[in-house]
Amino acid sequence: MLSGLENKYVIFKLNSEYYGVNIKSVIAIENMENVTRIPNSPDYVKGVINLRGEVITLIDLREKLNVSRNEEPTDSRVIVVSTEEVVAGLVVDTSSEVIDINPQDIDNIDEDEENATLMYAQGIAKVDGRLIILLELTKILEY
């Protein structure tokens, strides 16, 4: 059923940097709306939304990855993702495209406890002159 999707990634931006998640983990891409804040939650938890009857926790990827905010995005999106255990929404600046990334174009990276972005990355892809940080969802969705 999902054959052929292992090399497809949803690409999005935080500031001017490109990030990607495997499309097999993506349920939907939604507009930001009606966020309910959760008291005493970590800074990166923006709140929850009601998405077609299901309560989804929103994770602000800027906060989680410690990416500074150059400007307030006007067209933020929520990428609803799922791992085996968790469904959550990732708040991103823009969601731009779905692309095929050849495994040979992905460089593995060493974990770096000092750099949150690299700690949550599974690799860096080089596509059409762009560097795209491919995120490891299981690590990002750990609370």
# chains A, B, ... in the order shown; residues from 1 in each chain; ligands from 1
call {"tool": "residues_around", "arguments": {"residues": "A:Val81", "least_positions_apart": "2", "cutoff": "9 Å", "atoms": "only C-alpha atoms", "output": "list of chain:residue names"}}
result
A:Val21, A:Ile23, A:Lys24, A:Ser25, A:Val26, A:Ile27, A:Ala28, A:Ile29, A:Ile79, A:Thr83, A:Val86, A:Val87, A:Ala88, A:Gly89, A:Leu90, A:Leu137
call {"tool": "select_by_dssp", "arguments": {"residues": "stretch 3-136 of chain A", "states": "helix (DSSP H, G or I)", "output": "list in words"}}
result
Ile23, Lys24, Ser25, Leu61, Arg62, Glu63, Lys64, Leu65, Pro103, Gln104, Asp105, Ala116, Thr117, Leu118 and Met119 of chain A
call {"tool": "closest_residue", "arguments": {"among": "A:Phe12, A:Gly47, A:Tyr19, A:Val91", "to": "A:Ile124", "atoms": "only C-alpha atoms"}}
result
A:Tyr19
call {"tool": "residues_around", "arguments": {"residues": "A:Thr94", "least_positions_apart": "5", "cutoff": "12 Å", "atoms": "only C-alpha atoms", "output": "VMD selection string"}}
result
chain A and resid 10 to 20 29 to 32 61 72 to 79
call {"tool": "closest_residue", "arguments": {"among": "A:Ser95, A:Arg69, A:Leu135, A:Tyr44", "to": "A:Thr57", "atoms": "only C-alpha atoms"}}
result
A:Tyr44
call {"tool": "atom_distance", "arguments": {"atom1": "atom CA of A:Lys8", "atom2": "atom CA of A:Ile140"}}
result
19.3 Å
call {"tool": "residues_around", "arguments": {"residues": "A:Ala121", "least_positions_apart": "4", "cutoff": "8 Å", "atoms": "only C-alpha atoms", "output": "short mmCIF file (atom, residue, chain, number, x, y, z; two decimals) with N, CA, C and O atoms, in the first residue's frame"}}
result
data_model
loop_
_atom_site.label_atom_id
_atom_site.label_comp_id
_atom_site.auth_asym_id
_atom_site.auth_seq_id
_atom_site.Cartn_x
_atom_site.Cartn_y
_atom_site.Cartn_z
N ILE A 109 24.62 11.99 9.83
CA ILE A 109 25.30 12.95 10.70
C ILE A 109 25.49 12.32 12.07
O ILE A 109 24.73 11.45 12.48
N THR A 117 19.18 20.72 16.81
CA THR A 117 18.74 20.37 15.46
C THR A 117 19.38 19.08 15.00
O THR A 117 18.72 18.18 14.50
N ILE A 133 17.52 19.28 6.06
CA ILE A 133 17.71 18.48 7.27
C ILE A 133 16.52 17.55 7.41
O ILE A 133 15.38 18.01 7.52
N LEU A 134 16.78 16.25 7.38
CA LEU A 134 15.72 15.25 7.49
C LEU A 134 15.56 14.88 8.96
O LEU A 134 16.51 14.45 9.61
N LEU A 135 14.36 15.09 9.48
CA LEU A 135 14.11 14.93 10.91
C LEU A 135 13.74 13.51 11.29
O LEU A 135 13.07 12.80 10.54
N GLU A 136 14.15 13.12 12.48
CA GLU A 136 13.83 11.83 13.07
C GLU A 136 12.63 12.03 14.00
O GLU A 136 12.77 12.53 15.11
#
call {"tool": "select_by_dssp", "arguments": {"residues": "chain A", "states": "strand (DSSP E)", "output": "number ranges by chain"}}
result
A: 8-14, 17-22, 26-31, 45-51, 54-60, 77-82, 87-92, 94-100, 106-107, 121-127, 130-135
call {"tool": "closest_residue", "arguments": {"among": "A:Asn34, A:Asn50, A:Ser96, A:Asn102", "to": "A:Glu6", "atoms": "only C-alpha atoms"}}
result
A:Asn102
call {"tool": "closest_residue", "arguments": {"among": "A:Leu131, A:Ile38, A:Val67, A:Val48", "to": "A:Asp105", "atoms": "only C-alpha atoms"}}
result
A:Leu131
